[in-house]
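Asker: The structure under discussion is supplied below as C-alpha cells; questions concerning it will follow.
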Amino acid sequence: MTLTFRARPGNLRQLELGDFSLDQLLGLSLDAVARFEIEASRGVLGDWFEIHGATDQPRWVFEGTGNWLDGLGTEFCQGELIIDGDVGRRVARRARGGEIVVYGATGSWAGSGMRGGTLSIAGNSGDFLGGPLRGERGGMRGGVIFVGGDCGSEVGHRLRRGTMIVAGSVGPRGAWEMIAGTLVVGGAVGTDVGFAMRRGTIMLLAESVLAVAGPSDPQRGQQWTGGSSVPHEFFPLLVRAIRAQWARGIERCVRELPSVAACPLEPSESPRGWLRRVGDRRVGGLGELLSRAVR
Amino acid sequence: MEIAGVQIDATFAEAFDMQATRIIITAADRQWVQAAATSMTGFGTSVIACGVEIGIEQELSPAETPDGRPGVAILAFAVSAKELEKQIPRRAGQCVLTCPTTSLFAGITAEKHIPLGKTLRYFGDGYQISKVLEGLRYWRIPVMDGEFVCQDATGRVPGIGGGNLILIGDSVEGVVRGCRAAATAIAALPHVITPFAGGATRSGSKVGSKYRGLVASTNQAYCPALRGVVASELSDEENCVLEIVIDGLSSEAVGGAMRAGIHAACEAAGTIGLRRISAGNYGGKLGRHHFHLAEVLR
C-alpha cells in the first residue's frame, strides 16, 4: 500500500524536511503521521497535507506540491517516492537507495550528495544538481540522476561517483571540480564546463556544443588537450550504459515526458565520430571530455 | 551395458571439489579473441603442475558479450581460492592485457571474487581510469593501441574437477576417433571444459610414485606396454587407452558432459576399434563426487 500526502489547497508556508526521513513514518497510524512534528517548520505534517493510505510499505506519493517543499527525500534509502508536482530545494539529498521520481521541476541542489538509488526529474532542475551544500567538501557519490529538462549552473559540482544525465541543456560551470563519475548532457552547455576537473567523464551529445563550452576567461580558464580519438574498447560499454539509463529515466518519467527524445546515441555508435579531450590540465586533471567531431 | 557395440563398465568417475571462475575475453575480431584465449589457457591442463585447469568454454557472439564484440568464455579450476587468485591475474596480465584490442570481463557473478583489473590496473602507472557503470567497476588502462578495459573482478564459485571417461580400444585410430567425437560433443556444452590438449590425455595417472616427492605417476594398470608385467586392467585385445578429463561448474554439468561424451564416442568409433569405456577412481575415498557411468547414462 502507498501512503499519499495531498497538499492542502492554498498553502503558502514553507515546509523544511531536511532533518526528516520518510522511513520514520513506517508502521505509524495515519493519525500519528498527521501529528508528526516537523520542528524546523514549527508544525505537524497534517498542517500541510491531507494524508491517506497505509504505512506498511516504503512507498510514498506527494501530490500538489510546489517549491515550498524543501528537503523531501533526505537520506532516502528504500522503496519508492513519487512527487506529483514541483518541489523545492534539496530533494533526494544524500539519498542512499530506492527510487525517487519527480513529475515536475525541482529547485536547487536536487540529489545533493547522493550516494545511491535513482532520482528522475521529468521537468527542469535548478542550480547545483548533485552538488555539495556551501561548506561541504563532497558532491554526489553514487546513484543515477536523470533530468528530462534543463538544469541551472554548476551541475555535478565535485561529482565523485555515479551518473548524471541531463537530456536538455546545462548552465555555466558544469562538472566544476569534478572528481570522478559521469556527466552526460543532451543539449547545450554553458561556459567553463569541466573547470578544475580532476577525473571523470563529461559526454556532450549535441552537435558542435564545444564552441560555447570554453573558458569564460582564456587566461585563467580550464585547459584541455587537443582532441584525440576515443578509445574504441571502452566506448561501446559507455554508450550501452548511457542508453540503458536514459531509457530507464524516460520510462520512469513517461507520464510527463512526451517531448523528451530518446537517447541520441545509436546502439552501434562508432567512436570514430567522437573526439576526446583530457583536462583540466591547468590543475593536472585527467578527466575526459567526449564530444562529437565537427564534420 | 553396451552402446553401439561398446561396453560401458560398471564403475564410476571420482571427482573433487575445486574453486572455479569464469571470465570473458572480447576483441576487435575473432582472430585476436582466439589468440588471447589460446594464450591464456595454455599450460593449463592439470592442477598437478600447472596450478590451474583452464579452457575455453564457448565462443560468444557480439550479442552475448558486455561490449558487443566477439568473445569467448573461459573456465578455470584450481584446488584453492588462493591458487586461483594467483593464476588468473597472472595469466590475464601476460596473455590478455598484452594481446591487441582485447578486453576482459567477469563471466560469472558471485559473492566471492577473483581480482582482474583490481590487480592489473597498476600497469597503468597512475594513468588508469576507474569507471563504474551500471554498478560494475571497470578499469581502463592506457596501452599502445588505445585502452585495455578490464572489469575489476570476476566471481569465484565452487566447481568440480576430475570427471573423466577412459576410452579403451584395440587401435590408436579407433580410440582417437572416439576421443575426438566425445571432446567435440562436450565442447558444445556450457559450464564444462576438457582441459587437456585436444580434450584427451594419454598419461592417465595414479596418486603417488615410487619416487619420493612425486605426487602422481603413470597408471600402469592402463598401460598396454606393461600388460603381463603388472596387474593390468586391459585384456589382450586392448592396445590403446585415452582419458578425457572433465571439469564443470556443477555435478549436473559434469554428468551431462560425460553422457554426451560416451554417446558421441560410441557412435563414432564403436565399429572401428573402440571396445570399452571405463572411468577413473580411487576407490571412492578421495573425491566427494562419484559419477557412476550407468547413472549418468539414464
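Note on naming: chains are A, B, ... as they come in the C-alpha cells, residues start from 1 per chain, ligands start from 1 in the order shown.
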Do you know which residues are at most 12 Å from Ala35 in chain B counting only C-alpha atoms, after dropping those on the same chain fewer than 5 positions away, and could you put them as a PyMOL selection string?

Answerer: chain B and resi 25-30+40-42+56+71-72+95-102

Asker: Please identify all polymer residues within 12 Å of Val241 in chain B, counting only C-alpha atoms, omitting same-chain residues fewer than 6 positions from it, and present them as a ChimeraX atom specification.

Answerer: /B:165-176,178-179,200-204,219-225,233-235,273-280

Asker: Could the residues in this selection be written to a file with N, CA, C and O atoms, as a compact mmCIF listing (two decimals), in the first residue's frame?

Answerer:
# COMPACT_ATOMS: atom_id res chain seq x y z
N LEU B 165 36.36 -39.88 -18.41
CA LEU B 165 36.00 -41.08 -19.18
C LEU B 165 37.30 -41.71 -19.63
O LEU B 165 38.22 -41.00 -20.05
N ILE B 166 37.38 -43.03 -19.56
CA ILE B 166 38.56 -43.74 -20.07
C ILE B 166 38.11 -44.57 -21.27
O ILE B 166 37.25 -45.45 -21.13
N LEU B 167 38.66 -44.23 -22.43
CA LEU B 167 38.28 -44.91 -23.66
C LEU B 167 39.33 -45.97 -23.99
O LEU B 167 40.53 -45.65 -24.06
N ILE B 168 38.88 -47.18 -24.19
CA ILE B 168 39.79 -48.31 -24.37
C ILE B 168 39.45 -49.00 -25.69
O ILE B 168 38.27 -49.26 -25.98
N GLY B 169 40.47 -49.27 -26.51
CA GLY B 169 40.20 -49.92 -27.79
C GLY B 169 41.35 -50.77 -28.25
O GLY B 169 42.40 -50.87 -27.59
N ASP B 170 41.14 -51.36 -29.42
CA ASP B 170 42.20 -52.24 -29.92
C ASP B 170 43.20 -51.51 -30.81
O ASP B 170 44.21 -52.07 -31.19
N SER B 171 42.90 -50.24 -31.16
CA SER B 171 43.84 -49.50 -32.01
C SER B 171 43.83 -48.03 -31.63
O SER B 171 42.84 -47.51 -31.10
N VAL B 172 44.94 -47.37 -31.92
CA VAL B 172 45.02 -45.93 -31.69
C VAL B 172 43.95 -45.20 -32.52
O VAL B 172 43.28 -44.28 -32.04
N GLU B 173 43.77 -45.65 -33.77
CA GLU B 173 42.82 -44.96 -34.67
C GLU B 173 41.42 -44.94 -34.08
O GLU B 173 40.74 -43.92 -34.07
N GLY B 174 40.97 -46.07 -33.61
CA GLY B 174 39.60 -46.15 -33.10
C GLY B 174 39.42 -45.32 -31.85
O GLY B 174 38.44 -44.59 -31.70
N VAL B 175 40.37 -45.39 -30.93
CA VAL B 175 40.24 -44.65 -29.66
C VAL B 175 40.36 -43.14 -29.91
O VAL B 175 39.62 -42.35 -29.32
N VAL B 176 41.28 -42.78 -30.80
CA VAL B 176 41.43 -41.35 -31.11
C VAL B 176 40.15 -40.80 -31.74
O VAL B 176 39.68 -39.71 -31.38
N GLY B 178 37.15 -41.89 -31.31
CA GLY B 178 36.15 -41.80 -30.24
C GLY B 178 36.39 -40.60 -29.34
O GLY B 178 35.46 -39.88 -28.96
N CYS B 179 37.66 -40.35 -29.03
CA CYS B 179 38.01 -39.20 -28.18
C CYS B 179 37.64 -37.89 -28.84
O CYS B 179 37.11 -36.98 -28.20
N ALA B 200 41.86 -34.67 -24.65
CA ALA B 200 42.19 -36.02 -24.16
C ALA B 200 43.62 -36.07 -23.64
O ALA B 200 44.47 -35.27 -24.04
N THR B 201 43.88 -37.05 -22.79
CA THR B 201 45.25 -37.27 -22.32
C THR B 201 45.60 -38.75 -22.40
O THR B 201 44.76 -39.61 -22.20
N ARG B 202 46.85 -39.00 -22.72
CA ARG B 202 47.31 -40.39 -22.76
C ARG B 202 48.02 -40.77 -21.47
O ARG B 202 48.40 -41.91 -21.29
N SER B 203 48.26 -39.77 -20.61
CA SER B 203 49.06 -40.04 -19.41
C SER B 203 48.18 -40.06 -18.17
O SER B 203 48.43 -39.31 -17.23
N GLY B 204 47.16 -40.88 -18.21
CA GLY B 204 46.34 -41.06 -17.01
C GLY B 204 47.24 -41.44 -15.85
O GLY B 204 48.17 -42.21 -16.02
N ASN B 219 49.74 -44.52 -14.65
CA ASN B 219 48.78 -45.51 -14.15
C ASN B 219 49.06 -46.82 -14.88
O ASN B 219 48.48 -47.10 -15.93
N GLN B 220 49.96 -47.62 -14.32
CA GLN B 220 50.47 -48.78 -15.05
C GLN B 220 49.39 -49.79 -15.39
O GLN B 220 49.53 -50.54 -16.35
N ALA B 221 48.31 -49.79 -14.64
CA ALA B 221 47.24 -50.77 -14.91
C ALA B 221 46.59 -50.54 -16.27
O ALA B 221 45.94 -51.43 -16.81
N TYR B 222 46.74 -49.31 -16.82
CA TYR B 222 46.14 -48.99 -18.12
C TYR B 222 47.20 -48.82 -19.21
O TYR B 222 46.90 -48.29 -20.27
N CYS B 223 48.43 -49.23 -18.94
CA CYS B 223 49.47 -49.12 -19.96
C CYS B 223 49.61 -50.45 -20.70
O CYS B 223 50.03 -51.46 -20.09
N PRO B 224 49.29 -50.49 -21.99
CA PRO B 224 49.37 -51.76 -22.72
C PRO B 224 50.78 -52.33 -22.70
O PRO B 224 50.95 -53.56 -22.68
N ALA B 225 51.78 -51.49 -22.65
CA ALA B 225 53.16 -51.97 -22.69
C ALA B 225 53.54 -52.73 -21.42
O ALA B 225 54.54 -53.44 -21.40
N GLU B 233 44.53 -53.73 -16.17
CA GLU B 233 43.08 -53.61 -16.36
C GLU B 233 42.71 -53.91 -17.81
O GLU B 233 41.54 -53.78 -18.18
N LEU B 234 43.69 -54.27 -18.62
CA LEU B 234 43.45 -54.42 -20.06
C LEU B 234 43.48 -55.88 -20.48
O LEU B 234 44.29 -56.68 -19.98
N SER B 235 42.61 -56.19 -21.42
CA SER B 235 42.62 -57.54 -21.98
C SER B 235 43.69 -57.60 -23.08
O SER B 235 44.27 -56.57 -23.46
N GLY B 273 37.05 -50.03 -33.60
CA GLY B 273 38.11 -50.33 -32.65
C GLY B 273 37.90 -49.87 -31.22
O GLY B 273 38.65 -50.28 -30.34
N LEU B 274 36.94 -49.02 -30.97
CA LEU B 274 36.66 -48.64 -29.58
C LEU B 274 35.89 -49.79 -28.94
O LEU B 274 34.80 -50.16 -29.40
N ARG B 275 36.44 -50.37 -27.89
CA ARG B 275 35.83 -51.58 -27.34
C ARG B 275 35.12 -51.33 -26.01
O ARG B 275 34.11 -51.96 -25.72
N ARG B 276 35.62 -50.37 -25.25
CA ARG B 276 35.14 -50.26 -23.87
C ARG B 276 35.30 -48.83 -23.38
O ARG B 276 36.26 -48.14 -23.74
N ILE B 277 34.34 -48.38 -22.54
CA ILE B 277 34.51 -47.09 -21.85
C ILE B 277 34.44 -47.33 -20.36
O ILE B 277 33.52 -47.97 -19.85
N SER B 278 35.46 -46.85 -19.68
CA SER B 278 35.52 -47.02 -18.23
C SER B 278 35.68 -45.62 -17.59
O SER B 278 35.51 -44.60 -18.27
N ALA B 279 36.00 -45.58 -16.33
CA ALA B 279 36.20 -44.30 -15.65
C ALA B 279 37.21 -44.49 -14.54
O ALA B 279 37.36 -45.60 -14.00
N GLY B 280 37.88 -43.40 -14.19
CA GLY B 280 38.94 -43.48 -13.19
C GLY B 280 38.45 -43.09 -11.81
O GLY B 280 37.71 -42.11 -11.65

Asker: Quote the spacing between CA of Ile74 in chain B and CA of Ser268 in chain A in Å to one decimal place.

Answerer: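 Interatomic distance here is 25.9 Å.
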
Asker: Within 12 Å of chain B, which residues of chain A show up when using only C-alpha atoms, listed as a ChimeraX atom specification?

Answerer: /A:116-118,141-144,160-164,179-182,198-201,228-246,248,267-271,276,278,284-288

Asker: Which of these, A:Cys253, A:Leu265, A:Leu129, A:Leu290, has the shortest distance to Leu204 in chain A once you count only C-alpha atoms?

Answerer: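 Closest residue, counting only C-alpha atoms: A:Leu290.
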
Asker: Can you tell me, as a VMD selection string, which residues in range 7-256 of chain A count as strand (DSSP E or B) by DSSP?

Answerer: chain A and resid 7 15 to 16 37 to 38 43 to 44 49 to 53 59 to 63 69 to 70 80 to 84 87 96 to 102 106 116 to 121 125 141 to 147 151 161 to 166 170 182 to 185 189 201 to 204 224 228 to 229

Asker: Could you state the separation of CA of Gln219 in chain A and CA of Asp192 in chain A in Å, given to one decimal place?

Answerer: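 Those two atoms sit 12.3 Å apart.
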
Asker: Would you please give, as a ChimeraX atom specification, all residues of range 42-284 of chain A that DSSP assigns to helix (DSSP H, G or I) based on the backbone?

Answerer: /A:45-48,210-212,235-252,254-256,271-273,281-283

Asker: For CA of Gly261 in chain B and CA of Thr109 in chain B, determine how far apart the two atoms are, in Å to one decimal place.

Answerer: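 Between these atoms lies a distance of 28.4 Å.
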
Asker: Applying 8 Å and only C-alpha atoms, which residues near Ala188 in chain A remain after dropping the ones on its own chain fewer than 4 positions away? List them as an mmCIF file with C-alpha atoms, in the first residue's frame.

Answerer:
data_model
loop_
_atom_site.group_PDB
_atom_site.id
_atom_site.type_symbol
_atom_site.label_atom_id
_atom_site.label_comp_id
_atom_site.auth_asym_id
_atom_site.auth_seq_id
_atom_site.Cartn_x
_atom_site.Cartn_y
_atom_site.Cartn_z
ATOM 1 C CA GLY A 168 18.310 19.234 -22.002
ATOM 2 C CA SER A 169 20.900 21.946 -21.526
ATOM 3 C CA VAL A 170 23.038 22.903 -18.545
ATOM 4 C CA ALA A 206 24.653 17.585 -29.078
ATOM 5 C CA VAL A 209 28.390 22.459 -28.450
#

Asker: I want to know what sits within 6 Å of Arg94 in chain A, based on only C-alpha atoms, with residues of the same chain fewer than 5 positions away left out; could you give that as a list in words?

Answerer: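 Residues near the query, excluding close chain neighbours: Thr74, Glu75, Gly113, Met114 and Arg115 of chain A.
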
Asker: Of the residues B:Ile8, B:Ile246, B:Ala110, B:Ala183, which is the one nearest to Phe77 in chain B, using only C-alpha atoms?

Answerer: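 The answer is B:Ile246, which sits nearest to Phe77 in chain B.
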
Asker: At a cut-off of 9 Å, using only C-alpha atoms, what residues contact Gly98 in chain A? Leave out same-chain residues fewer than 3 positions from it and give the result as a ChimeraX atom specification.

Answerer: /A:76-81,95,116-119

Asker: So, with only C-alpha atoms as the atoms that count, which of A:Cys263, A:Leu45, A:Leu69, A:Leu3 lies closest to Gly187 in chain A?

Answerer: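 Smallest separation from Gly187 in chain A among the options: A:Cys263.
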